[in-house]
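Trainee: Pasting in a structure now, in structure tokens, and then I'll have a few things to ask.
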Number of protein chains: 2
Amino acid sequence: MWLKETLYDDLRIALRGELVYKKKSPHQDLRVYQSASFGRVLLLDGAIQTTERDEFIYHEMLTHPLLLSVPRPEKVLLIGAGDGGILREVLKHPVKKAVLVEIDREVISLSEKYLSSICGGAFSHPKTEIVIEDGARFLTGTQDKFDVVIVDSPDPVGVAKSLFTPSFYKNIYRVLSSRGMMIRQTGSTFLQKKDMKKHHHTLSKVFPVVTVQLTAIPTYVGGFFSCMIGSKKIDPRTIRKTVLEKRYKSRGLRTQYYNTDMHHASMVMPNYVREEIQ
Amino acid sequence: MWLKETLYDDLRIALRGELVYKKKSPHQDLRVYQSASFGRVLLLDGAIQTTERDEFIYHEMLTHPLLLSVPRPEKVLLIGAGDGGILREVLKHPVKKAVLVEIDREVISLSEKYLSSICGGAFSHPKTEIVIEDGARFLTGTQDKFDVVIVDSPDPVGVAKSLFTPSFYKNIYRVLSSRGMMIRQTGSTFLQKKDMKKHHHTLSKVFPVVTVQLTAIPTYVGGFFSCMIGSKKIDPRTIRKTVLEKRYKSRGLRTQYYNTDMHHASMVMPNYVREEIQ
């Protein structure tokens with residue numbers, strides 16, 4: 001049997017595997033497959049979100065570049081991120097609190113049951129606080145301040161629509177501490193060029209420092225996969241390797257993708273991406 | 001209609017498109033599709049070789065890092081490369097001669113007819129010399145010397161098998177000038193890990209300098225796509241940006257992916273690749 005992703009009209013990726021879980025929540029269609037090459041695979045509304053084999057790339061790269069750029073990150077806000085992978089990476093740092101705001105309770109439940117290799121015990125960690133709420137609404141209500149905000153959502157269709165508006169970014173700016181930074185995925189640099197450009201434009205109106213970060217993720221087809229980093233002060237491109245290396249070691253990190261050379265290399269863009277966001 | 005790639009057992013990529021050319025040559029099964037998102041697509045024995053939309057990534061990155069690292073490259077040898085894309089990029093440099101050794105005459109013929117946006121007039125350029133022969137056999141026979149050797153072949157199955165043996169690499173070493181360098185693709189860092197490791201091992205026995213170069217190519221699924229560079233003296237990792245920039249400008253290059261920052265960034269490896277080739 002083949003699991004077929006239906007994210008794009010003209011391009012499909014398919015993995016050999018068996019369906020092990022299927023549910024329609026009030027928010028979206030949730031599926032988990034057991035695949036031959038990638039282990040368990042989570043799909044939301046037909047789009048691959050994560051797989052056991054390659055999840056480390058996305059989860060590490062949405063976490064460590066920011067948590068190592070901020071000298072002493074204490075409070076971290078995660079919006080979406082209901083599979084627990086980013087939470088697991090955040091908790092490798094000596095933070096005081098990680099607040100995870102997920103709109104769909106079912107994502108957390110299925111992850112605890114079917115994706116335990118991804119979330120581990122992160123949801124029940126004493127530093128974790130889970131809020132079941134729309135991320136955009138949470139942001140307008142909270143008076144808390146955070147050193148890092150990580151937005152881990154599907155593409156701007158369906159349930160995640162409210163997480164892509166200018167006012168969403170403005171509210172993130174508001175809840176960030178004075179040296180705070182945010183990151184979010186903005187899709188394939190090749191197949192979702194227009195989205196990437198739009199996000200860069202919107203973010204640049206809100207944050208004085210905006211950087212594109214690129215990774216190569218097997219189950220996200222479309223060449224380089226982009227993330228946008230918005231920052232109030234700190235530029236993650238100019239932090240010296242020695243500083244990052246010292247923090248990486250003192251925090252006892254172990255990573256499968258991230259290293260302090262990749263930190264800088266991931267922020268270099270090929271010409272076709274440069275031209276798009278200029 | 002969907003064009004389905006059959007390179008891997010458990011993972012498929014499919015593009016919406018129409019078959020426009022199909023032939024069985026004595027060497028392989030050749031197909032050209034007209035796809036909705038990627039323009040014309042060339043498949044050899046079921047594996048996607050190149051597409052009009054993203055070919056620039058592979059063709060630039062197999063060419064410019066080497067031709068800019070060697071101060072004055074005069075003679076370049078291309079093994080395989082029958083779609084003409086690399087030849088086109090090589091001829092952007094002030095070389096004296098580019099010899100293209102392709103085993104299958106049909107690849108060149110179909111490219112001239114169906115992939116003219118890729119090969120342009122490269123095959124009939126006065127500096128081009130085309131030899132229809134097995135690349136491994138050509139190497140054992142030639143007494144010529146080359147500054148750069150670029151191997152552009154399918155994976156080590158079928159027709160390209162002879163291009164992956166230790167003696168093949170030894171012969172490349174023999175035909176290279178004293179400051180010469182070679183490059184070849186070695187597949188997905190994720191799905192073809194073992195192949196990559198093997199090539200790195202074999203190359204390291206022949207060349208004093210061996211570097212992995214990584215690119216992200218939409219139609220080559222599997223995360224970072226790897227190339228191996230083998231060099232007699234010059235280390236492409238340590239050439240300064242200012243030197244590369246000067247050569248890039250004085251040669252009047254224009255590129256869509258390569259730039260002198262990507263030159264160095266493409267030679268940085270995530271931990272999972274580092275561990276594989278150590």
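In the structure tokens, chains take letters A, B, ... by order of appearance, with residues numbered from 1 within each chain and ligands from 1 in the order shown.
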Starting from chain A, keep only residues with some atom at most 6 Å from an atom of chain B, counting only C-alpha atoms, and report them as a short mmCIF file (atom, residue, chain, number, x, y, z; two decimals) with C-alpha atoms, in the first residue's frame.
Mentor:
data_model
loop_
_atom_site.label_atom_id
_atom_site.label_comp_id
_atom_site.auth_asym_id
_atom_site.auth_seq_id
_atom_site.Cartn_x
_atom_site.Cartn_y
_atom_site.Cartn_z
CA ASP A 10 1.53 18.45 -10.01
CA LEU A 11 3.96 16.61 -7.75
CA ARG A 12 3.42 13.67 -5.43
CA ILE A 13 5.60 11.88 -2.95
CA ALA A 14 4.53 8.39 -1.96
CA LEU A 15 5.86 6.09 0.75
CA ARG A 16 5.17 2.38 1.00
CA ALA A 216 17.25 19.71 3.23
CA ILE A 217 14.57 17.36 4.55
CA PRO A 218 13.91 14.04 2.76
CA GLY A 222 11.05 20.69 -3.25
CA GLY A 223 14.78 21.32 -2.77
CA PHE A 224 15.78 23.62 0.05
CA GLN A 256 22.23 14.61 14.47
CA TYR A 257 21.97 17.52 12.00
CA TYR A 258 22.85 20.79 13.74
CA ALA A 265 25.99 27.48 6.42
CA PRO A 270 21.62 30.21 -3.43
CA ASN A 271 21.03 33.02 -5.95
CA TYR A 272 17.49 31.93 -6.83
#
Trainee: Within 10 Å of Leu67 in chain A, counting only C-alpha atoms, which residues qualify if same-chain residues fewer than 5 places away don't, as an mmCIF file with all heavy atoms, in the first residue's frame?
Mentor:
data_model
loop_
_atom_site.group_PDB
_atom_site.id
_atom_site.type_symbol
_atom_site.label_atom_id
_atom_site.label_comp_id
_atom_site.auth_asym_id
_atom_site.auth_seq_id
_atom_site.Cartn_x
_atom_site.Cartn_y
_atom_site.Cartn_z
ATOM 1 N N LEU A 62 14.719 23.984 13.891
ATOM 2 C CA LEU A 62 13.788 25.010 14.363
ATOM 3 C C LEU A 62 14.086 25.413 15.809
ATOM 4 O O LEU A 62 13.514 26.382 16.309
ATOM 5 C CB LEU A 62 12.329 24.557 14.219
ATOM 6 C CG LEU A 62 11.645 25.173 12.972
ATOM 7 C CD1 LEU A 62 11.948 24.347 11.752
ATOM 8 C CD2 LEU A 62 10.182 25.398 13.163
ATOM 9 N N ARG A 72 20.957 33.314 27.352
ATOM 10 C CA ARG A 72 20.383 32.501 28.430
ATOM 11 C C ARG A 72 18.868 32.426 28.256
ATOM 12 O O ARG A 72 18.113 33.079 28.965
ATOM 13 C CB ARG A 72 20.726 33.100 29.799
ATOM 14 C CG ARG A 72 22.043 32.614 30.408
ATOM 15 C CD ARG A 72 22.427 33.431 31.636
ATOM 16 N NE ARG A 72 22.597 34.847 31.285
ATOM 17 C CZ ARG A 72 23.704 35.345 30.737
ATOM 18 N NH1 ARG A 72 24.737 34.569 30.512
ATOM 19 N NH2 ARG A 72 23.774 36.626 30.415
ATOM 20 N N PRO A 73 18.389 31.607 27.299
ATOM 21 C CA PRO A 73 16.945 31.546 27.069
ATOM 22 C C PRO A 73 16.241 30.892 28.253
ATOM 23 O O PRO A 73 16.614 29.800 28.677
ATOM 24 C CB PRO A 73 16.823 30.681 25.809
ATOM 25 C CG PRO A 73 18.057 29.829 25.817
ATOM 26 C CD PRO A 73 19.129 30.651 26.461
ATOM 27 N N GLU A 74 15.246 31.588 28.810
ATOM 28 C CA GLU A 74 14.549 31.041 29.986
ATOM 29 C C GLU A 74 13.145 30.558 29.656
ATOM 30 O O GLU A 74 12.736 29.505 30.097
ATOM 31 C CB GLU A 74 14.501 32.102 31.087
ATOM 32 C CG GLU A 74 15.904 32.460 31.575
ATOM 33 C CD GLU A 74 15.895 33.255 32.866
ATOM 34 O OE1 GLU A 74 14.843 33.820 33.225
ATOM 35 O OE2 GLU A 74 16.964 33.291 33.525
ATOM 36 N N VAL A 76 10.299 29.762 26.665
ATOM 37 C CA VAL A 76 10.127 29.471 25.238
ATOM 38 C C VAL A 76 8.657 29.202 24.976
ATOM 39 O O VAL A 76 8.003 28.478 25.737
ATOM 40 C CB VAL A 76 10.975 28.251 24.817
ATOM 41 C CG1 VAL A 76 10.779 27.940 23.335
ATOM 42 C CG2 VAL A 76 12.452 28.498 25.109
ATOM 43 N N GLU A 89 13.508 18.964 21.858
ATOM 44 C CA GLU A 89 14.782 19.644 21.595
ATOM 45 C C GLU A 89 14.954 20.868 22.507
ATOM 46 O O GLU A 89 16.052 21.115 22.995
ATOM 47 C CB GLU A 89 14.868 20.064 20.122
ATOM 48 C CG GLU A 89 14.936 18.895 19.136
ATOM 49 C CD GLU A 89 16.143 17.990 19.335
ATOM 50 O OE1 GLU A 89 17.258 18.518 19.515
ATOM 51 O OE2 GLU A 89 15.964 16.749 19.338
ATOM 52 N N VAL A 90 13.869 21.606 22.718
ATOM 53 C CA VAL A 90 13.927 22.793 23.587
ATOM 54 C C VAL A 90 14.370 22.390 24.993
ATOM 55 O O VAL A 90 15.191 23.065 25.626
ATOM 56 C CB VAL A 90 12.557 23.509 23.628
ATOM 57 C CG1 VAL A 90 12.506 24.536 24.765
ATOM 58 C CG2 VAL A 90 12.263 24.188 22.290
ATOM 59 N N LYS A 92 16.325 20.226 25.943
ATOM 60 C CA LYS A 92 17.750 19.913 26.064
ATOM 61 C C LYS A 92 18.528 21.132 26.577
ATOM 62 O O LYS A 92 19.665 21.008 26.998
ATOM 63 C CB LYS A 92 18.321 19.506 24.692
ATOM 64 C CG LYS A 92 17.847 18.149 24.173
ATOM 65 C CD LYS A 92 18.495 17.856 22.823
ATOM 66 C CE LYS A 92 18.086 16.490 22.277
ATOM 67 N NZ LYS A 92 18.636 16.284 20.906
ATOM 68 N N HIS A 93 17.911 22.307 26.458
ATOM 69 C CA HIS A 93 18.537 23.548 26.940
ATOM 70 C C HIS A 93 18.071 23.830 28.374
ATOM 71 O O HIS A 93 16.985 23.406 28.764
ATOM 72 C CB HIS A 93 18.154 24.723 26.024
ATOM 73 C CG HIS A 93 18.685 24.581 24.634
ATOM 74 N ND1 HIS A 93 19.826 25.203 24.180
ATOM 75 C CD2 HIS A 93 18.226 23.853 23.585
ATOM 76 C CE1 HIS A 93 20.038 24.879 22.924
ATOM 77 N NE2 HIS A 93 19.086 24.057 22.527
ATOM 78 N N PRO A 94 18.884 24.583 29.142
ATOM 79 C CA PRO A 94 18.501 24.843 30.544
ATOM 80 C C PRO A 94 17.434 25.931 30.651
ATOM 81 O O PRO A 94 17.649 26.956 31.307
ATOM 82 C CB PRO A 94 19.819 25.275 31.184
ATOM 83 C CG PRO A 94 20.622 25.857 30.064
ATOM 84 C CD PRO A 94 20.190 25.163 28.807
ATOM 85 N N VAL A 95 16.300 25.754 29.979
ATOM 86 C CA VAL A 95 15.215 26.736 30.055
ATOM 87 C C VAL A 95 14.465 26.551 31.376
ATOM 88 O O VAL A 95 14.601 25.519 32.045
ATOM 89 C CB VAL A 95 14.223 26.578 28.876
ATOM 90 C CG1 VAL A 95 14.924 26.852 27.552
ATOM 91 C CG2 VAL A 95 13.581 25.195 28.861
ATOM 92 N N ASP A 147 11.644 34.413 25.502
ATOM 93 C CA ASP A 147 12.926 34.698 24.853
ATOM 94 C C ASP A 147 12.970 34.149 23.434
ATOM 95 O O ASP A 147 13.656 34.675 22.567
ATOM 96 C CB ASP A 147 14.066 34.096 25.685
ATOM 97 C CG ASP A 147 14.046 34.648 27.099
ATOM 98 O OD1 ASP A 147 14.105 35.883 27.245
ATOM 99 O OD2 ASP A 147 13.927 33.852 28.052
ATOM 100 N N VAL A 148 12.238 33.069 23.225
ATOM 101 C CA VAL A 148 12.175 32.444 21.898
ATOM 102 C C VAL A 148 10.736 32.008 21.633
ATOM 103 O O VAL A 148 10.083 31.447 22.520
ATOM 104 C CB VAL A 148 13.125 31.218 21.807
ATOM 105 C CG1 VAL A 148 12.882 30.436 20.514
ATOM 106 C CG2 VAL A 148 14.595 31.642 21.892
ATOM 107 N N VAL A 149 10.246 32.298 20.423
ATOM 108 C CA VAL A 149 8.940 31.790 19.984
ATOM 109 C C VAL A 149 9.167 30.920 18.750
ATOM 110 O O VAL A 149 9.796 31.368 17.779
ATOM 111 C CB VAL A 149 7.959 32.934 19.650
ATOM 112 C CG1 VAL A 149 6.657 32.369 19.081
ATOM 113 C CG2 VAL A 149 7.665 33.775 20.887
ATOM 114 N N GLY A 180 14.728 38.861 22.182
ATOM 115 C CA GLY A 180 14.017 37.679 21.721
ATOM 116 C C GLY A 180 14.080 37.433 20.222
ATOM 117 O O GLY A 180 14.371 38.327 19.424
ATOM 118 N N MET A 181 13.798 36.179 19.857
ATOM 119 C CA MET A 181 13.815 35.754 18.461
ATOM 120 C C MET A 181 12.669 34.783 18.194
ATOM 121 O O MET A 181 12.257 34.046 19.085
ATOM 122 C CB MET A 181 15.112 35.004 18.154
ATOM 123 C CG MET A 181 16.360 35.817 18.355
ATOM 124 S SD MET A 181 17.827 34.761 18.199
ATOM 125 C CE MET A 181 17.934 34.618 16.434
ATOM 126 N N LEU A 244 29.043 29.967 19.919
ATOM 127 C CA LEU A 244 28.037 28.901 19.766
ATOM 128 C C LEU A 244 28.575 27.573 20.292
ATOM 129 O O LEU A 244 27.875 26.823 20.976
ATOM 130 C CB LEU A 244 27.665 28.745 18.284
ATOM 131 C CG LEU A 244 26.923 29.914 17.634
ATOM 132 C CD1 LEU A 244 26.897 29.747 16.123
ATOM 133 C CD2 LEU A 244 25.497 30.019 18.184
ATOM 134 N N ARG A 247 28.520 27.397 24.081
ATOM 135 C CA ARG A 247 27.160 27.163 24.597
ATOM 136 C C ARG A 247 26.713 25.728 24.322
ATOM 137 O O ARG A 247 26.107 25.082 25.168
ATOM 138 C CB ARG A 247 26.171 28.147 23.952
ATOM 139 C CG ARG A 247 26.354 29.565 24.453
ATOM 140 C CD ARG A 247 25.405 30.540 23.764
ATOM 141 N NE ARG A 247 25.774 31.920 24.108
ATOM 142 C CZ ARG A 247 25.436 32.982 23.399
ATOM 143 N NH1 ARG A 247 24.697 32.853 22.298
ATOM 144 N NH2 ARG A 247 25.813 34.196 23.775
ATOM 145 N N TYR A 248 26.996 25.259 23.107
ATOM 146 C CA TYR A 248 26.613 23.898 22.715
ATOM 147 C C TYR A 248 27.207 22.883 23.706
ATOM 148 O O TYR A 248 26.527 21.985 24.183
ATOM 149 C CB TYR A 248 27.120 23.618 21.294
ATOM 150 C CG TYR A 248 26.691 22.300 20.688
ATOM 151 C CD1 TYR A 248 25.576 22.227 19.852
ATOM 152 C CD2 TYR A 248 27.404 21.124 20.923
ATOM 153 C CE1 TYR A 248 25.182 21.027 19.270
ATOM 154 C CE2 TYR A 248 27.015 19.919 20.361
ATOM 155 C CZ TYR A 248 25.908 19.875 19.533
ATOM 156 O OH TYR A 248 25.522 18.682 18.960
#
Trainee: What is the distance, in Å and to one decimal place, between CA of Leu110 in chain A and CA of Glu133 in chain A?
Mentor: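 Value for the CA of Leu110 in chain A-CA of Glu133 in chain A distance: 17.2 Å.
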Trainee: To one decimal place in Å, what is the distance between CA of Ala122 in chain A and CA of Leu91 in chain A?
Mentor: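 A separation of 7.6 Å between them.
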Trainee: Could you list, as a list in words, every residue within 7 Å of Gln34 in chain B, counting only C-alpha atoms and ignoring same-chain residues fewer than 2 positions away?
Mentor: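 My reading of the contact set: Gly17, Glu18, Leu19, Val20, Val32, Ala36, Gly39, Arg40 and Val41 of chain B.
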Trainee: For all heavy atoms, I'd like the residues from the last selection saved as a PDB file, in the first residue's frame.
Mentor:
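result.pdb, written as the output of this step:
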ATOM      1  N   GLY B  17       2.375  14.753 -15.976  1.00  0.00           N
ATOM      2  CA  GLY B  17       2.957  15.074 -17.283  1.00  0.00           C
ATOM      3  C   GLY B  17       2.603  14.079 -18.367  1.00  0.00           C
ATOM      4  O   GLY B  17       1.901  13.093 -18.114  1.00  0.00           O
ATOM      5  N   GLU B  18       3.090  14.342 -19.569  1.00  0.00           N
ATOM      6  CA  GLU B  18       2.826  13.497 -20.738  1.00  0.00           C
ATOM      7  C   GLU B  18       4.138  12.953 -21.293  1.00  0.00           C
ATOM      8  O   GLU B  18       5.113  13.709 -21.394  1.00  0.00           O
ATOM      9  CB  GLU B  18       2.184  14.330 -21.861  1.00  0.00           C
ATOM     10  CG  GLU B  18       0.923  15.071 -21.488  1.00  0.00           C
ATOM     11  CD  GLU B  18      -0.259  14.122 -21.353  1.00  0.00           C
ATOM     12  OE1 GLU B  18      -0.219  13.032 -21.983  1.00  0.00           O
ATOM     13  OE2 GLU B  18      -1.196  14.448 -20.616  1.00  0.00           O
ATOM     14  N   LEU B  19       4.115  11.708 -21.721  1.00  0.00           N
ATOM     15  CA  LEU B  19       5.288  11.133 -22.377  1.00  0.00           C
ATOM     16  C   LEU B  19       5.449  11.751 -23.766  1.00  0.00           C
ATOM     17  O   LEU B  19       4.489  11.798 -24.529  1.00  0.00           O
ATOM     18  CB  LEU B  19       5.093   9.619 -22.494  1.00  0.00           C
ATOM     19  CG  LEU B  19       6.276   8.812 -23.049  1.00  0.00           C
ATOM     20  CD1 LEU B  19       7.443   8.806 -22.078  1.00  0.00           C
ATOM     21  CD2 LEU B  19       5.849   7.375 -23.356  1.00  0.00           C
ATOM     22  N   VAL B  20       6.655  12.252 -24.083  1.00  0.00           N
ATOM     23  CA  VAL B  20       6.845  12.814 -25.429  1.00  0.00           C
ATOM     24  C   VAL B  20       7.894  12.039 -26.238  1.00  0.00           C
ATOM     25  O   VAL B  20       8.005  12.207 -27.448  1.00  0.00           O
ATOM     26  CB  VAL B  20       7.241  14.313 -25.401  1.00  0.00           C
ATOM     27  CG1 VAL B  20       6.105  15.170 -24.847  1.00  0.00           C
ATOM     28  CG2 VAL B  20       8.507  14.553 -24.602  1.00  0.00           C
ATOM     29  N   VAL B  32      11.426  10.904 -22.258  1.00  0.00           N
ATOM     30  CA  VAL B  32      11.273  12.328 -21.976  1.00  0.00           C
ATOM     31  C   VAL B  32       9.791  12.599 -21.733  1.00  0.00           C
ATOM     32  O   VAL B  32       8.946  12.148 -22.515  1.00  0.00           O
ATOM     33  CB  VAL B  32      11.787  13.212 -23.140  1.00  0.00           C
ATOM     34  CG1 VAL B  32      11.561  14.694 -22.829  1.00  0.00           C
ATOM     35  CG2 VAL B  32      13.260  12.956 -23.414  1.00  0.00           C
ATOM     36  N   ALA B  36       4.003  19.240 -15.853  1.00  0.00           N
ATOM     37  CA  ALA B  36       3.296  20.496 -15.599  1.00  0.00           C
ATOM     38  C   ALA B  36       4.183  21.485 -14.848  1.00  0.00           C
ATOM     39  O   ALA B  36       4.236  22.664 -15.192  1.00  0.00           O
ATOM     40  CB  ALA B  36       2.019  20.216 -14.809  1.00  0.00           C
ATOM     41  N   GLY B  39       8.662  21.316 -16.524  1.00  0.00           N
ATOM     42  CA  GLY B  39       9.030  21.345 -17.939  1.00  0.00           C
ATOM     43  C   GLY B  39       9.399  19.947 -18.401  1.00  0.00           C
ATOM     44  O   GLY B  39       8.896  18.948 -17.875  1.00  0.00           O
ATOM     45  N   ARG B  40      10.289  19.849 -19.387  1.00  0.00           N
ATOM     46  CA  ARG B  40      10.725  18.543 -19.877  1.00  0.00           C
ATOM     47  C   ARG B  40      11.534  17.800 -18.805  1.00  0.00           C
ATOM     48  O   ARG B  40      12.341  18.425 -18.109  1.00  0.00           O
ATOM     49  CB  ARG B  40      11.594  18.725 -21.131  1.00  0.00           C
ATOM     50  CG  ARG B  40      10.834  19.321 -22.319  1.00  0.00           C
ATOM     51  CD  ARG B  40      10.183  18.235 -23.149  1.00  0.00           C
ATOM     52  NE  ARG B  40       9.202  18.768 -24.091  1.00  0.00           N
ATOM     53  CZ  ARG B  40       9.478  19.158 -25.342  1.00  0.00           C
ATOM     54  NH1 ARG B  40      10.716  19.071 -25.807  1.00  0.00           N
ATOM     55  NH2 ARG B  40       8.522  19.606 -26.123  1.00  0.00           N
ATOM     56  N   VAL B  41      11.320  16.491 -18.730  1.00  0.00           N
ATOM     57  CA  VAL B  41      12.008  15.660 -17.737  1.00  0.00           C
ATOM     58  C   VAL B  41      12.657  14.481 -18.444  1.00  0.00           C
ATOM     59  O   VAL B  41      11.993  13.792 -19.221  1.00  0.00           O
ATOM     60  CB  VAL B  41      11.012  15.108 -16.692  1.00  0.00           C
ATOM     61  CG1 VAL B  41      11.732  14.316 -15.605  1.00  0.00           C
ATOM     62  CG2 VAL B  41      10.197  16.233 -16.072  1.00  0.00           C
TER      63      VAL B  41
END
Trainee: Calculate how many Å separate CA of Arg174 in chain B from CA of Thr186 in chain B, rounding to one decimal.
Mentor: 21.1 Å
Trainee: Quick one: residues within 9 Å of Leu78 in chain B, only C-alpha atoms counted, chain neighbours fewer than 6 positions away excluded, as a list of chain:residue names?
Mentor: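 That gives B:Ile86, B:Leu87, B:Ala98, B:Val99, B:Leu100, B:Val101, B:Glu102, B:Gly135, B:Val148, B:Val149, B:Ile150, B:Val151, B:Asp152.
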Trainee: Closest to Leu253 in chain A among A:Leu68, A:Leu77, A:Ile108, A:Ile103, using only C-alpha atoms?
Mentor: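 Under the stated criterion, the closest residue is A:Leu68.
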Trainee: Give the answer as one residue: which of A:Gln185, A:Ser109, A:Thr165, A:Thr238 has the shortest atom-to-atom distance to Gln49 in chain A, using only C-alpha atoms?
Mentor: A:Gln185
Trainee: Let's see if you can do this: from backbone DSSP, list all helix (DSSP H, G or I) residues in range 159-257 of chain A, as a PyMOL selection string.
Mentor: chain A and resi 159-164+166-175+193-206+241-250
Trainee: If you keep N, CA and C atoms, can you produce a file of those selected residues as a tab-separated table (two decimals), in the first residue's frame?
Mentor:
chain	number	residue	atom	x	y	z
A	159	VAL	N	-6.48	24.76	9.04
A	159	VAL	CA	-6.48	25.13	10.44
A	159	VAL	C	-5.46	26.22	10.80
A	160	ALA	N	-4.35	26.30	10.05
A	160	ALA	CA	-3.25	27.18	10.44
A	160	ALA	C	-3.35	28.59	9.88
A	161	LYS	N	-4.43	28.90	9.16
A	161	LYS	CA	-4.56	30.20	8.47
A	161	LYS	C	-4.27	31.40	9.37
A	162	SER	N	-4.78	31.36	10.61
A	162	SER	CA	-4.64	32.52	11.50
A	162	SER	C	-3.19	32.75	11.93
A	163	LEU	N	-2.30	31.79	11.62
A	163	LEU	CA	-0.91	31.91	12.07
A	163	LEU	C	-0.01	32.53	11.00
A	164	PHE	N	-0.62	33.20	10.02
A	164	PHE	CA	0.18	33.77	8.94
A	164	PHE	C	-0.15	35.23	8.65
A	166	PRO	N	-0.25	39.48	9.34
A	166	PRO	CA	0.65	40.49	9.92
A	166	PRO	C	0.42	40.69	11.42
A	167	SER	N	-0.85	40.66	11.85
A	167	SER	CA	-1.10	40.90	13.28
A	167	SER	C	-0.56	39.74	14.14
A	168	PHE	N	-0.51	38.55	13.57
A	168	PHE	CA	0.10	37.41	14.27
A	168	PHE	C	1.57	37.69	14.56
A	169	TYR	N	2.28	38.18	13.55
A	169	TYR	CA	3.70	38.49	13.74
A	169	TYR	C	3.88	39.66	14.72
A	170	LYS	N	3.00	40.64	14.64
A	170	LYS	CA	3.10	41.78	15.56
A	170	LYS	C	2.92	41.33	17.00
A	171	ASN	N	2.00	40.40	17.21
A	171	ASN	CA	1.80	39.89	18.56
A	171	ASN	C	2.99	39.06	19.04
A	172	ILE	N	3.64	38.37	18.13
A	172	ILE	CA	4.86	37.65	18.55
A	172	ILE	C	5.91	38.66	18.98
A	173	TYR	N	6.07	39.72	18.20
A	173	TYR	CA	7.02	40.77	18.56
A	173	TYR	C	6.73	41.29	19.97
A	174	ARG	N	5.46	41.51	20.23
A	174	ARG	CA	5.04	42.06	21.52
A	174	ARG	C	5.39	41.15	22.69
A	175	VAL	N	5.23	39.84	22.51
A	175	VAL	CA	5.48	38.92	23.64
A	175	VAL	C	6.96	38.53	23.77
A	193	LYS	N	7.61	29.26	-3.52
A	193	LYS	CA	8.36	30.50	-3.64
A	193	LYS	C	7.57	31.74	-3.22
A	194	LYS	N	6.33	31.82	-3.71
A	194	LYS	CA	5.52	33.00	-3.45
A	194	LYS	C	5.20	33.15	-1.97
A	195	ASP	N	4.89	32.03	-1.32
A	195	ASP	CA	4.64	32.04	0.13
A	195	ASP	C	5.88	32.55	0.86
A	196	MET	N	7.02	32.00	0.51
A	196	MET	CA	8.27	32.37	1.17
A	196	MET	C	8.51	33.87	1.05
A	197	LYS	N	8.35	34.37	-0.15
A	197	LYS	CA	8.54	35.79	-0.42
A	197	LYS	C	7.59	36.65	0.43
A	198	LYS	N	6.33	36.22	0.49
A	198	LYS	CA	5.32	36.95	1.24
A	198	LYS	C	5.67	37.00	2.73
A	199	HIS	N	6.08	35.85	3.27
A	199	HIS	CA	6.44	35.80	4.69
A	199	HIS	C	7.63	36.68	4.99
A	200	HIS	N	8.61	36.65	4.10
A	200	HIS	CA	9.79	37.47	4.31
A	200	HIS	C	9.41	38.95	4.33
A	201	HIS	N	8.55	39.31	3.43
A	201	HIS	CA	8.07	40.69	3.34
A	201	HIS	C	7.32	41.10	4.62
A	202	THR	N	6.40	40.25	5.05
A	202	THR	CA	5.60	40.55	6.26
A	202	THR	C	6.50	40.63	7.49
A	203	LEU	N	7.40	39.67	7.63
A	203	LEU	CA	8.29	39.65	8.79
A	203	LEU	C	9.21	40.87	8.81
A	204	SER	N	9.66	41.29	7.64
A	204	SER	CA	10.58	42.42	7.56
A	204	SER	C	9.93	43.72	8.00
A	205	LYS	N	8.62	43.77	7.94
A	205	LYS	CA	7.92	44.97	8.42
A	205	LYS	C	7.83	45.01	9.94
A	206	VAL	N	7.99	43.83	10.57
A	206	VAL	CA	7.81	43.74	12.02
A	206	VAL	C	9.16	43.67	12.75
A	241	LYS	N	31.34	31.33	15.79
A	241	LYS	CA	31.35	29.89	16.00
A	241	LYS	C	31.85	29.53	17.40
A	242	THR	N	32.87	30.23	17.88
A	242	THR	CA	33.42	29.91	19.20
A	242	THR	C	32.39	30.11	20.31
A	243	VAL	N	31.57	31.16	20.16
A	243	VAL	CA	30.52	31.44	21.15
A	243	VAL	C	29.48	30.31	21.11
A	244	LEU	N	29.04	29.97	19.92
A	244	LEU	CA	28.04	28.90	19.77
A	244	LEU	C	28.57	27.57	20.29
A	245	GLU	N	29.83	27.31	19.98
A	245	GLU	CA	30.46	26.05	20.36
A	245	GLU	C	30.52	25.92	21.89
A	246	LYS	N	30.84	27.03	22.53
A	246	LYS	CA	30.93	27.06	23.99
A	246	LYS	C	29.55	26.76	24.62
A	247	ARG	N	28.52	27.40	24.08
A	247	ARG	CA	27.16	27.16	24.60
A	247	ARG	C	26.71	25.73	24.32
A	248	TYR	N	27.00	25.26	23.11
A	248	TYR	CA	26.61	23.90	22.71
A	248	TYR	C	27.21	22.88	23.71
A	249	LYS	N	28.49	23.09	24.02
A	249	LYS	CA	29.17	22.15	24.92
A	249	LYS	C	28.71	22.30	26.36
A	250	SER	N	28.60	23.54	26.81
A	250	SER	CA	28.25	23.73	28.23
A	250	SER	C	26.82	23.24	28.50
Trainee: Give me every strand (DSSP E or B) residue in range 32-211 of chain A, going by DSSP on the backbone, as a PyMOL selection string.
Mentor: chain A and resi 32-35+39-44+47-51+75-80+97-102+128-132+146-152+176-188+209-211
